[in-house]
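The next block is run23.cif, given as mmCIF, C-alpha atoms and all ligand atoms.
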data_my_file
#
loop_
_atom_site.group_PDB
_atom_site.id
_atom_site.type_symbol
_atom_site.label_atom_id
_atom_site.label_comp_id
_atom_site.auth_asym_id
_atom_site.auth_seq_id
_atom_site.Cartn_x
_atom_site.Cartn_y
_atom_site.Cartn_z
ATOM 1 C CA MET I 86 24.864 10.704 7.423
ATOM 2 C CA SER I 87 25.136 7.289 9.119
ATOM 3 C CA ALA I 88 26.379 4.278 7.110
ATOM 4 C CA ALA I 89 23.993 2.768 4.593
ATOM 5 C CA ARG I 90 21.928 -0.057 6.102
ATOM 6 C CA PRO I 91 21.398 -3.200 4.024
ATOM 7 C CA LEU I 92 17.806 -3.588 2.824
ATOM 8 C CA LEU I 93 15.757 -6.487 1.471
ATOM 9 C CA LEU I 94 12.469 -5.986 -0.355
ATOM 10 C CA VAL I 95 9.820 -8.687 -0.053
ATOM 11 C CA GLY I 96 7.798 -8.896 -3.279
ATOM 12 C CA ALA I 97 8.990 -8.532 -6.851
ATOM 13 C CA GLY I 98 5.936 -7.017 -8.544
ATOM 14 C CA GLY I 99 4.931 -3.530 -9.591
ATOM 15 C CA LEU I 100 5.031 -2.029 -6.103
ATOM 16 C CA ALA I 101 8.560 -3.389 -5.597
ATOM 17 C CA ARG I 102 9.653 -1.636 -8.793
ATOM 18 C CA GLU I 103 8.090 1.596 -7.553
ATOM 19 C CA CYS I 104 9.840 1.191 -4.212
ATOM 20 C CA LEU I 105 13.197 0.668 -5.942
ATOM 21 C CA ALA I 106 12.647 3.938 -7.823
ATOM 22 C CA ALA I 107 11.636 5.699 -4.587
ATOM 23 C CA LEU I 108 14.723 4.324 -2.834
ATOM 24 C CA ALA I 109 16.907 5.755 -5.602
ATOM 25 C CA ALA I 110 15.206 9.142 -5.116
ATOM 26 C CA VAL I 111 15.745 8.925 -1.344
ATOM 27 C CA GLU I 112 19.429 8.169 -1.904
ATOM 28 C CA GLU I 113 19.750 11.105 -4.275
ATOM 29 C CA ALA I 114 18.007 13.465 -1.843
ATOM 30 C CA GLY I 115 20.139 12.172 1.035
ATOM 31 C CA THR I 116 17.110 11.722 3.325
ATOM 32 C CA ALA I 117 18.090 8.128 4.188
ATOM 33 C CA SER I 118 20.656 5.619 3.085
ATOM 34 C CA TRP I 119 20.112 1.970 2.295
ATOM 35 C CA THR I 120 22.044 -0.558 0.261
ATOM 36 C CA VAL I 121 19.509 -2.755 -1.503
ATOM 37 C CA LEU I 122 20.728 -6.365 -1.303
ATOM 38 C CA GLY I 123 17.896 -7.713 -3.435
ATOM 39 C CA LEU I 124 14.271 -8.752 -3.706
ATOM 40 C CA LEU I 125 12.664 -11.819 -2.116
ATOM 41 C CA ASP I 126 9.678 -13.589 -3.613
ATOM 42 C CA ASP I 127 8.034 -16.874 -2.671
ATOM 43 C CA ASP I 128 7.400 -17.766 -6.314
ATOM 44 C CA PRO I 129 10.415 -19.939 -7.227
ATOM 45 C CA ALA I 130 9.912 -19.029 -10.892
ATOM 46 C CA ARG I 131 11.075 -15.490 -10.036
ATOM 47 C CA HIS I 132 14.323 -16.550 -8.356
ATOM 48 C CA GLY I 133 17.321 -15.344 -10.324
ATOM 49 C CA ASP I 134 15.301 -12.686 -12.196
ATOM 50 C CA LEU I 135 16.577 -9.137 -12.399
ATOM 51 C CA VAL I 136 14.022 -6.434 -11.592
ATOM 52 C CA ASP I 137 15.287 -3.096 -12.860
ATOM 53 C CA GLY I 138 18.788 -4.365 -12.238
ATOM 54 C CA THR I 139 18.088 -5.746 -8.749
ATOM 55 C CA PRO I 140 18.265 -9.534 -8.315
ATOM 56 C CA VAL I 141 15.507 -11.725 -6.910
ATOM 57 C CA LEU I 142 17.600 -13.646 -4.396
ATOM 58 C CA GLY I 143 15.113 -16.283 -3.271
ATOM 59 C CA GLY I 144 12.113 -16.762 -0.976
ATOM 60 C CA SER I 145 11.053 -14.464 1.851
ATOM 61 C CA ASP I 146 12.588 -16.773 4.484
ATOM 62 C CA LEU I 147 15.989 -15.459 3.365
ATOM 63 C CA VAL I 148 15.365 -12.458 5.665
ATOM 64 C CA HIS I 149 16.680 -14.722 8.439
ATOM 65 C CA GLU I 150 20.031 -15.156 6.688
ATOM 66 C CA HIS I 151 20.603 -11.390 6.752
ATOM 67 C CA PRO I 152 19.783 -10.460 10.362
ATOM 68 C CA ASP I 153 21.304 -6.989 10.030
ATOM 69 C CA ALA I 154 19.212 -6.034 7.013
ATOM 70 C CA ALA I 155 16.093 -3.906 7.229
ATOM 71 C CA VAL I 156 13.071 -5.310 5.392
ATOM 72 C CA LEU I 157 10.444 -3.550 3.291
ATOM 73 C CA VAL I 158 7.394 -5.647 2.452
ATOM 74 C CA CYS I 159 6.119 -4.310 -0.860
ATOM 75 C CA THR I 160 3.164 -6.435 -1.892
ATOM 76 C CA ALA I 161 -0.266 -5.019 -2.780
ATOM 77 C CA SER I 162 -3.212 -6.995 -4.109
ATOM 78 C CA ILE I 163 -6.965 -6.637 -3.813
ATOM 79 C CA ARG I 164 -7.200 -10.417 -3.503
ATOM 80 C CA THR I 165 -4.955 -10.488 -0.403
ATOM 81 C CA PRO I 166 -5.496 -7.025 1.085
ATOM 82 C CA ASP I 167 -3.721 -7.778 4.364
ATOM 83 C CA SER I 168 -0.634 -9.317 2.754
ATOM 84 C CA ARG I 169 1.945 -6.939 4.234
ATOM 85 C CA PRO I 170 1.074 -7.369 7.946
ATOM 86 C CA THR I 171 0.540 -11.088 7.353
ATOM 87 C CA ILE I 172 3.945 -11.586 5.710
ATOM 88 C CA ALA I 173 5.775 -9.516 8.339
ATOM 89 C CA GLY I 174 3.980 -11.464 11.096
ATOM 90 C CA ARG I 175 4.856 -14.817 9.533
ATOM 91 C CA LEU I 176 8.507 -13.792 9.253
ATOM 92 C CA GLY I 177 8.475 -12.609 12.884
ATOM 93 C CA LEU I 178 10.152 -9.307 12.045
ATOM 94 C CA PRO I 179 10.625 -7.001 15.047
ATOM 95 C CA ASP I 180 10.035 -3.281 14.512
ATOM 96 C CA ASP I 181 13.729 -2.487 14.313
ATOM 97 C CA ARG I 182 13.943 -4.601 11.151
ATOM 98 C CA LEU I 183 11.064 -2.835 9.390
ATOM 99 C CA ALA I 184 12.015 -0.149 6.894
ATOM 100 C CA THR I 185 9.645 2.788 6.393
ATOM 101 C CA LEU I 186 9.879 4.503 3.014
ATOM 102 C CA VAL I 187 8.800 8.093 2.410
ATOM 103 C CA HIS I 188 9.577 9.462 -1.053
ATOM 104 C CA PRO I 189 11.356 12.834 -0.821
ATOM 105 C CA ALA I 190 8.669 14.315 -3.069
ATOM 106 C CA ALA I 191 5.937 13.463 -0.533
ATOM 107 C CA SER I 192 4.704 16.401 1.558
ATOM 108 C CA VAL I 193 4.028 15.100 5.044
ATOM 109 C CA ALA I 194 2.921 17.545 7.741
ATOM 110 C CA ARG I 195 5.485 17.855 10.501
ATOM 111 C CA GLY I 196 4.404 15.809 13.507
ATOM 112 C CA THR I 197 2.817 13.053 11.438
ATOM 113 C CA ASP I 198 3.583 9.616 12.818
ATOM 114 C CA VAL I 199 4.162 7.159 9.987
ATOM 115 C CA GLY I 200 3.978 3.581 11.274
ATOM 116 C CA ALA I 201 6.765 1.044 10.765
ATOM 117 C CA GLY I 202 6.737 -0.693 7.401
ATOM 118 C CA SER I 203 4.673 1.967 5.638
ATOM 119 C CA ILE I 204 5.392 3.285 2.148
ATOM 120 C CA LEU I 205 4.446 6.785 0.948
ATOM 121 C CA LEU I 206 5.237 7.347 -2.732
ATOM 122 C CA ALA I 207 5.867 10.554 -4.681
ATOM 123 C CA GLY I 208 3.321 13.334 -4.438
ATOM 124 C CA VAL I 209 1.533 12.015 -1.350
ATOM 125 C CA VAL I 210 0.240 14.970 0.669
ATOM 126 C CA VAL I 211 -0.604 14.811 4.369
ATOM 127 C CA THR I 212 -1.990 18.234 5.212
ATOM 128 C CA ALA I 213 -2.011 18.119 9.034
ATOM 129 C CA PRO I 214 -0.245 15.935 11.604
ATOM 130 C CA GLN I 215 -1.900 12.564 12.058
ATOM 131 C CA ARG I 216 -1.088 8.950 12.767
ATOM 132 C CA ILE I 217 -0.677 6.711 9.753
ATOM 133 C CA GLY I 218 -0.720 3.034 10.663
ATOM 134 C CA ARG I 219 1.850 0.317 10.089
ATOM 135 C CA PHE I 220 2.249 -1.352 6.684
ATOM 136 C CA VAL I 221 0.186 1.334 4.965
ATOM 137 C CA VAL I 222 0.822 1.954 1.259
ATOM 138 C CA ALA I 223 -0.077 5.359 -0.204
ATOM 139 C CA MET I 224 0.602 5.356 -3.932
ATOM 140 C CA PRO I 225 1.410 8.533 -5.887
ATOM 141 C CA GLN I 226 -0.628 11.659 -5.167
ATOM 142 C CA VAL I 227 -2.755 10.247 -2.374
ATOM 143 C CA LEU I 228 -4.236 13.101 -0.336
ATOM 144 C CA LEU I 229 -4.859 12.769 3.412
ATOM 145 C CA THR I 230 -6.362 15.801 5.115
ATOM 146 C CA HIS I 231 -6.904 16.912 8.715
ATOM 147 C CA ASP I 232 -7.973 14.372 11.328
ATOM 148 C CA ASP I 233 -7.900 11.348 9.049
ATOM 149 C CA GLU I 234 -7.035 8.023 10.661
ATOM 150 C CA VAL I 235 -5.512 5.408 8.417
ATOM 151 C CA HIS I 236 -5.123 2.084 10.183
ATOM 152 C CA ASP I 237 -2.597 -0.709 9.721
ATOM 153 C CA GLY I 238 -2.283 -2.457 6.377
ATOM 154 C CA VAL I 239 -4.410 -0.023 4.353
ATOM 155 C CA THR I 240 -3.618 0.285 0.629
ATOM 156 C CA MET I 241 -4.523 3.504 -1.184
ATOM 157 C CA ALA I 242 -3.917 3.491 -4.948
ATOM 158 C CA GLY I 243 -2.865 6.629 -6.814
ATOM 159 C CA ARG I 244 -4.881 9.814 -6.311
ATOM 160 C CA VAL I 245 -7.140 8.546 -3.550
ATOM 161 C CA ALA I 246 -8.395 11.567 -1.589
ATOM 162 C CA LEU I 247 -9.809 11.518 1.932
ATOM 163 C CA ALA I 248 -11.702 14.564 3.165
ATOM 164 C CA GLY I 249 -11.197 15.471 6.842
ATOM 165 C CA GLY I 250 -12.037 13.179 9.737
ATOM 166 C CA VAL I 251 -12.161 9.979 7.682
ATOM 167 C CA THR I 252 -11.269 6.670 9.347
ATOM 168 C CA VAL I 253 -9.981 3.863 7.167
ATOM 169 C CA GLY I 254 -10.058 0.491 8.909
ATOM 170 C CA ARG I 255 -7.392 -2.178 8.918
ATOM 171 C CA SER I 256 -6.286 -3.511 5.523
ATOM 172 C CA ALA I 257 -8.978 -1.759 3.491
ATOM 173 C CA TYR I 258 -8.134 -1.250 -0.215
ATOM 174 C CA LEU I 259 -9.068 2.023 -1.915
ATOM 175 C CA GLY I 260 -8.805 1.933 -5.709
ATOM 176 C CA ALA I 261 -7.196 4.609 -7.828
ATOM 177 C CA GLY I 262 -8.840 8.014 -7.686
ATOM 178 C CA ALA I 263 -11.461 7.078 -5.082
ATOM 179 C CA LEU I 264 -12.887 10.003 -3.093
ATOM 180 C CA VAL I 265 -14.208 9.798 0.471
ATOM 181 C CA ARG I 266 -16.492 12.415 2.010
ATOM 182 C CA GLU I 267 -15.598 13.896 5.391
ATOM 183 C CA ASN I 268 -16.182 12.080 8.697
ATOM 184 C CA LEU I 269 -16.949 8.689 7.120
ATOM 185 C CA THR I 270 -15.621 5.274 8.072
ATOM 186 C CA VAL I 271 -14.256 2.796 5.579
ATOM 187 C CA GLY I 272 -14.550 -0.591 7.255
ATOM 188 C CA GLU I 273 -11.684 -2.996 7.682
ATOM 189 C CA LEU I 274 -10.888 -5.324 4.780
ATOM 190 C CA SER I 275 -13.358 -3.501 2.553
ATOM 191 C CA VAL I 276 -12.701 -2.443 -1.061
ATOM 192 C CA LEU I 277 -13.659 0.859 -2.664
ATOM 193 C CA GLY I 278 -13.445 0.609 -6.459
ATOM 194 C CA MET I 279 -11.350 2.925 -8.571
ATOM 195 C CA GLY I 280 -12.954 6.269 -9.334
ATOM 196 C CA SER I 281 -15.704 5.745 -6.744
ATOM 197 C CA VAL I 282 -17.202 8.529 -4.655
ATOM 198 C CA LEU I 283 -18.053 7.393 -1.132
ATOM 199 C CA LEU I 284 -20.891 9.297 0.546
ATOM 200 C CA ASP I 285 -21.823 6.774 3.287
ATOM 201 C CA ASP I 286 -19.923 4.568 5.698
ATOM 202 C CA LEU I 287 -18.576 1.475 3.951
ATOM 203 C CA PRO I 288 -19.171 -1.639 6.082
ATOM 204 C CA ALA I 289 -16.290 -3.991 6.870
ATOM 205 C CA GLY I 290 -15.513 -6.625 4.282
ATOM 206 C CA GLN I 291 -17.758 -5.234 1.530
ATOM 207 C CA THR I 292 -16.849 -3.979 -1.962
ATOM 208 C CA TRP I 293 -18.476 -0.732 -3.081
ATOM 209 C CA VAL I 294 -18.173 0.956 -6.482
ATOM 210 C CA GLY I 295 -19.499 3.910 -8.448
ATOM 211 C CA SER I 296 -20.623 7.451 -7.809
ATOM 212 C CA PRO I 297 -22.273 7.546 -5.376
ATOM 213 C CA ALA I 298 -20.639 4.290 -4.293
ATOM 214 C CA ARG I 299 -22.955 1.325 -3.709
ATOM 215 C CA ARG I 300 -22.358 -2.283 -2.754
ATOM 216 C CA LEU I 301 -21.082 -4.346 -5.672
ATOM 217 C CA VAL I 302 -23.405 -7.259 -6.193
ATOM 218 C CA ARG I 303 -21.872 -9.662 -8.668
ATOM 219 C CA ARG I 304 -24.327 -11.083 -11.169
ATOM 220 C CA PRO I 305 -23.902 -14.696 -12.270
ATOM 221 C CA LYS I 306 -22.111 -14.780 -15.631
ATOM 222 C CA ALA I 307 -24.184 -15.914 -18.625
ATOM 223 C CA VAL I 308 -23.185 -19.413 -19.728
ATOM 224 C CA ALA I 309 -22.446 -19.770 -23.467
ATOM 225 C CA ARG I 310 -24.352 -22.591 -25.167
HETATM 226 C C1 LIG U 401 -13.936 -2.837 -7.607
HETATM 227 C C2 LIG U 401 -13.108 -3.871 -8.318
HETATM 228 C C3 LIG U 401 -12.172 -4.545 -7.299
HETATM 229 C C4 LIG U 401 -14.072 -4.924 -8.869
HETATM 230 O O1 LIG U 401 -13.371 -5.863 -9.590
HETATM 231 P P1 LIG U 401 -14.100 -7.237 -10.006
HETATM 232 O O2 LIG U 401 -14.564 -7.937 -8.801
HETATM 233 O O3 LIG U 401 -13.158 -7.955 -10.920
HETATM 234 O O4 LIG U 401 -15.407 -6.734 -10.736
HETATM 235 P P2 LIG U 401 -15.791 -6.767 -12.296
HETATM 236 O O5 LIG U 401 -14.753 -6.115 -13.130
HETATM 237 O O6 LIG U 401 -16.206 -8.170 -12.619
HETATM 238 O O7 LIG U 401 -17.071 -5.813 -12.319
HETATM 239 C C5 LIG U 401 -18.277 -6.183 -11.702
HETATM 240 C C6 LIG U 401 -19.269 -5.071 -11.959
HETATM 241 O O8 LIG U 401 -18.862 -3.909 -11.237
HETATM 242 C C7 LIG U 401 -18.640 -2.798 -12.131
HETATM 243 N N1 LIG U 401 -17.446 -2.116 -11.654
HETATM 244 C C8 LIG U 401 -16.239 -2.663 -11.365
HETATM 245 N N2 LIG U 401 -15.413 -1.739 -10.899
HETATM 246 C C9 LIG U 401 -16.072 -0.579 -10.887
HETATM 247 C C10 LIG U 401 -15.723 0.746 -10.511
HETATM 248 N N3 LIG U 401 -14.516 1.025 -10.040
HETATM 249 N N4 LIG U 401 -16.673 1.696 -10.612
HETATM 250 C C11 LIG U 401 -17.912 1.414 -11.084
HETATM 251 N N5 LIG U 401 -18.294 0.160 -11.458
HETATM 252 C C12 LIG U 401 -17.374 -0.809 -11.365
HETATM 253 C C13 LIG U 401 -18.433 -3.451 -13.502
HETATM 254 O O9 LIG U 401 -18.786 -2.563 -14.519
HETATM 255 C C14 LIG U 401 -19.338 -4.634 -13.414
HETATM 256 O O10 LIG U 401 -20.681 -4.191 -13.623
HETATM 257 P P3 LIG U 401 -21.770 -5.158 -14.335
HETATM 258 O O11 LIG U 401 -21.908 -6.355 -13.437
HETATM 259 O O12 LIG U 401 -22.977 -4.278 -14.377
HETATM 260 O O13 LIG U 401 -21.187 -5.500 -15.659
HETATM 261 C C15 LIG U 401 -12.215 -3.274 -9.472
HETATM 262 O O14 LIG U 401 -12.973 -2.945 -10.598
HETATM 263 C C16 LIG U 401 -11.450 -2.039 -9.046
HETATM 264 O O15 LIG U 401 -11.936 -0.912 -8.990
HETATM 265 N N6 LIG U 401 -10.163 -2.275 -8.700
HETATM 266 C C17 LIG U 401 -9.231 -1.236 -8.297
HETATM 267 C C18 LIG U 401 -8.179 -1.059 -9.376
HETATM 268 C C19 LIG U 401 -7.114 -0.109 -8.936
HETATM 269 O O16 LIG U 401 -7.367 0.957 -8.453
HETATM 270 N N7 LIG U 401 -5.880 -0.544 -9.110
HETATM 271 C C20 LIG U 401 -4.768 0.237 -8.702
HETATM 272 C C21 LIG U 401 -3.558 -0.570 -8.931
HETATM 273 S S1 LIG U 401 -2.129 0.371 -8.707
#

For the file at hand, write its structure as structure tokens.
Amino acid sequence: MSAARPLLLVGAGGLARECLAALAAVEEAGTASWTVLGLLDDDPARHGDLVDGTPVLGGSDLVHEHPDAAVLVCTASIRTPDSRPTIAGRLGLPDDRLATLVHPAASVARGTDVGAGSILLAGVVVTAPQRIGRFVVAMPQVLLTHDDEVHDGVTMAGRVALAGGVTVGRSAYLGAGALVRENLTVGELSVLGMGSVLLDDLPAGQTWVGSPARRLVRRPKAVAR
């Protein structure tokens, strides 16, 4: 195997911890080799922390002080659903600096094209070759079936399942266990709540929840007197 490449992770939250564990599994399986230099986080309060034994070295701009290191952006939040492409764009990272992480316990159909910067965690199943966009995160046990199209920046929490022919638009967020019927479109920057069952196209930018999923209309909170 070629020499281990230095790697920096941007983000120091839960997904970063999961990526560190996946990187250890990758090392053990011998499917890739990285030397993790540390985590980068723009919250100064995190600098100097140890995350599962890995130090938070400083802010994300430190990527420029390690030009040979690959970079894995591991942020995921419903409030900033396009954080990964945005951070990578702000840092001006060319493709050859973007790490792509596929857990050895993921089952990815041969011929699948996984875009730069994407992260597929343990138990992800891709049943037939397809293109998965850049900066996609598929958390444990996500199921993608034939002819799905997952665009850049999409986040799928654990156990999301897409039936065949589903298109998921840029930076959509699908909550844990959400199910999507075949041939539907999930619009860009939309949110599908955890456990929801989507039976109609979900328009861009909207949040839908429930079974069958419907648009979430937030009611004004009662004011205590
Ligand atoms: C959809 C979601 C983003 C809404 O969050 P929110 O804006 O904070 O909404 P609230 O919790 O205030 O709920 C608003 C209403 O929607 C309902 N609701 C929220 N999420 C729901 C869901 N997944 N399914 C059904 N109803 C839901 C609430 O019961 C509430 O109903 P009410 O107004 O009748 O009381 C959130 O509930 C969700 O599903 N997040 C995904 C979590 C996840 O998968 N995390 C994975 C991390 S690894």

Using all atoms listed in the file, tabulate the residues of range 182-205 of chain I lying at most 9 Å from any atom of range 92-105 of chain I, each with its closest atom pair and that distance in Å to one decimal, by chain and increasing residue number, as JSON lines.
{"residue": "I:Ala184", "atom": "CA", "partner": "I:Leu92", "partner_atom": "CA", "distance": 7.9}
{"residue": "I:Leu186", "atom": "CA", "partner": "I:Cys104", "partner_atom": "CA", "distance": 7.9}
{"residue": "I:His188", "atom": "CA", "partner": "I:Cys104", "partner_atom": "CA", "distance": 8.9}
{"residue": "I:Ile204", "atom": "CA", "partner": "I:Cys104", "partner_atom": "CA", "distance": 8.0}

Problem - Picked residues, the PyMOL selection byres (((chain I and resi 272) around 8) and not hetatm), expected as a ChimeraX atom specification - result: /I:253-255,257,270-271,273-275,286-290

Chain I residues near ligand LIG 401 (chain U) within 12 Å, closest pair each, using all atoms listed in the file, as a tab-separated table:
residue	atom	partner	partner_atom	distance
I:Gly98	CA	U:LIG401	S1	10.9
I:Gly99	CA	U:LIG401	S1	8.1
I:Leu100	CA	U:LIG401	S1	8.0
I:Ala101	CA	U:LIG401	S1	11.8
I:Arg102	CA	U:LIG401	S1	12.0
I:Glu103	CA	U:LIG401	S1	10.4
I:Thr160	CA	U:LIG401	S1	11.0
I:Ala161	CA	U:LIG401	S1	8.2
I:Ser162	CA	U:LIG401	C21	8.0
I:Ile163	CA	U:LIG401	C3	6.6
I:Arg164	CA	U:LIG401	C3	8.6
I:Thr165	CA	U:LIG401	C3	11.6
I:Pro166	CA	U:LIG401	C3	11.0
I:Leu206	CA	U:LIG401	S1	11.8
I:Val222	CA	U:LIG401	S1	10.5
I:Ala223	CA	U:LIG401	S1	10.1
I:Met224	CA	U:LIG401	S1	7.4
I:Pro225	CA	U:LIG401	S1	9.3
I:Gln226	CA	U:LIG401	S1	11.9
I:Val227	CA	U:LIG401	S1	11.7
I:Thr240	CA	U:LIG401	C20	9.4
I:Met241	CA	U:LIG401	C20	8.2
I:Ala242	CA	U:LIG401	C20	5.0
I:Gly243	CA	U:LIG401	S1	6.6
I:Arg244	CA	U:LIG401	O16	9.4
I:Val245	CA	U:LIG401	O16	9.0
I:Ala257	CA	U:LIG401	C3	11.6
I:Tyr258	CA	U:LIG401	C17	8.2
I:Leu259	CA	U:LIG401	O16	6.8
I:Gly260	CA	U:LIG401	O16	3.2
I:Ala261	CA	U:LIG401	O16	3.7
I:Gly262	CA	U:LIG401	O16	7.2
I:Ala263	CA	U:LIG401	O16	8.1
I:Leu264	CA	U:LIG401	N3	11.5
I:Ser275	CA	U:LIG401	C3	10.0
I:Val276	CA	U:LIG401	C3	6.6
I:Leu277	CA	U:LIG401	C1	6.2
I:Gly278	CA	U:LIG401	O15	3.3
I:Met279	CA	U:LIG401	O15	3.9
I:Gly280	CA	U:LIG401	N3	5.5
I:Ser281	CA	U:LIG401	N4	5.7
I:Val282	CA	U:LIG401	N4	9.1
I:Leu283	CA	U:LIG401	N4	11.1
I:Gln291	CA	U:LIG401	C1	10.2
I:Thr292	CA	U:LIG401	C1	6.5
I:Trp293	CA	U:LIG401	C1	6.7
I:Val294	CA	U:LIG401	N4	4.5
I:Gly295	CA	U:LIG401	C11	4.0
I:Ser296	CA	U:LIG401	C11	7.4
I:Pro297	CA	U:LIG401	C11	9.4
I:Ala298	CA	U:LIG401	C11	7.9
I:Arg299	CA	U:LIG401	C11	8.9
I:Arg300	CA	U:LIG401	O8	9.3
I:Leu301	CA	U:LIG401	O8	6.0
I:Val302	CA	U:LIG401	C6	7.4
I:Arg303	CA	U:LIG401	O11	5.8
I:Arg304	CA	U:LIG401	O11	5.8
I:Pro305	CA	U:LIG401	O11	8.7
I:Lys306	CA	U:LIG401	O11	8.7
I:Ala307	CA	U:LIG401	O11	11.1

Practice task
Check which residues satisfy the PyMOL selection byres (((chain I and resi 211) around 12) and not hetatm) in the file shown, then give them as a count of residues only.
Solution key: 38

Practice task
Grab the CA of Ile172 in chain I to CA of Ala155 in chain I distance for me, in Å with one decimal place.
Solution key: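 We find that CA of Ile172 in chain I and CA of Ala155 in chain I lie 14.5 Å from each other.
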
Handout entry: Protein and nucleic acid residues near (19.2, -9.9, 7.1) (cut-off 12 Å, all atoms listed in the file) as number ranges by chain
Key = I: 90-95, 120-125, 145-157, 176, 178, 181-183

Handout entry: Coordinates-based distance that separates CA of Thr139 in chain I from CA of Ala110 in chain I (Å, one decimal)
Key =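 Spanning CA of Ala110 in chain I to CA of Thr139 in chain I is a straight-line distance of 15.6 Å.
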
Practice task
Record the distance separating CA of Phe220 in chain I and CA of Ser168 in chain I, expressed in Å with one decimal.
Solution key: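 Interatomic distance here is 9.3 Å.
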
Range 151-154 of chain I, all listed atoms, 8 Å padding on each side: what axis-aligned box centre and edge lengths in Å to one decimal come out, as AutoDock Vina command-line options?
--center_x 20.3 --center_y -8.7 --center_z 8.6 --size_x 18.1 --size_y 21.4 --size_z 19.6

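Considering all atoms listed in the file, the residue among I:Val265, I:Ser118, I:Asp137, I:Thr171 positioned nearest to Thr185 in chain I is I:Ser118.
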
Exercise for the section: Return the single residue from I:Ala130, I:Ala117, I:Ala106, I:Val111 that is closest to Ala89 in chain I, with distances computed using only C-alpha atoms. Expected result: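 Distance minimum relative to Ala89 in chain I lands on I:Ala117.
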
Where atoms are missing, can you supply N, CA and C atoms for range 287-298 of chain I and output the lot as an mmCIF file, in the coordinates of the input?
data_model
loop_
_atom_site.group_PDB
_atom_site.id
_atom_site.type_symbol
_atom_site.label_atom_id
_atom_site.label_comp_id
_atom_site.auth_asym_id
_atom_site.auth_seq_id
_atom_site.Cartn_x
_atom_site.Cartn_y
_atom_site.Cartn_z
ATOM 1 N N LEU I 287 -18.725 2.730 4.704
ATOM 2 C CA LEU I 287 -18.576 1.475 3.951
ATOM 3 C C LEU I 287 -18.368 0.352 4.973
ATOM 4 N N PRO I 288 -19.307 -0.590 5.059
ATOM 5 C CA PRO I 288 -19.171 -1.639 6.082
ATOM 6 C C PRO I 288 -17.967 -2.543 5.857
ATOM 7 N N ALA I 289 -17.461 -3.108 6.932
ATOM 8 C CA ALA I 289 -16.290 -3.991 6.870
ATOM 9 C C ALA I 289 -16.532 -5.129 5.887
ATOM 10 N N GLY I 290 -15.498 -5.436 5.131
ATOM 11 C CA GLY I 290 -15.513 -6.625 4.282
ATOM 12 C C GLY I 290 -16.294 -6.496 2.985
ATOM 13 N N GLN I 291 -16.962 -5.378 2.752
ATOM 14 C CA GLN I 291 -17.758 -5.234 1.530
ATOM 15 C C GLN I 291 -16.967 -4.512 0.435
ATOM 16 N N THR I 292 -17.419 -4.704 -0.828
ATOM 17 C CA THR I 292 -16.849 -3.979 -1.962
ATOM 18 C C THR I 292 -17.913 -3.021 -2.477
ATOM 19 N N TRP I 293 -17.555 -1.740 -2.557
ATOM 20 C CA TRP I 293 -18.476 -0.732 -3.081
ATOM 21 C C TRP I 293 -17.836 -0.063 -4.288
ATOM 22 N N VAL I 294 -18.682 0.288 -5.273
ATOM 23 C CA VAL I 294 -18.173 0.956 -6.482
ATOM 24 C C VAL I 294 -19.153 2.032 -6.932
ATOM 25 N N GLY I 295 -18.653 2.938 -7.761
ATOM 26 C CA GLY I 295 -19.499 3.910 -8.448
ATOM 27 C C GLY I 295 -19.609 5.240 -7.745
ATOM 28 N N SER I 296 -20.417 6.109 -8.341
ATOM 29 C CA SER I 296 -20.623 7.451 -7.809
ATOM 30 C C SER I 296 -22.124 7.783 -7.863
ATOM 31 N N PRO I 297 -22.790 7.854 -6.712
ATOM 32 C CA PRO I 297 -22.273 7.546 -5.376
ATOM 33 C C PRO I 297 -21.994 6.049 -5.245
ATOM 34 N N ALA I 298 -21.030 5.696 -4.416
ATOM 35 C CA ALA I 298 -20.639 4.290 -4.293
ATOM 36 C C ALA I 298 -21.759 3.471 -3.653
#
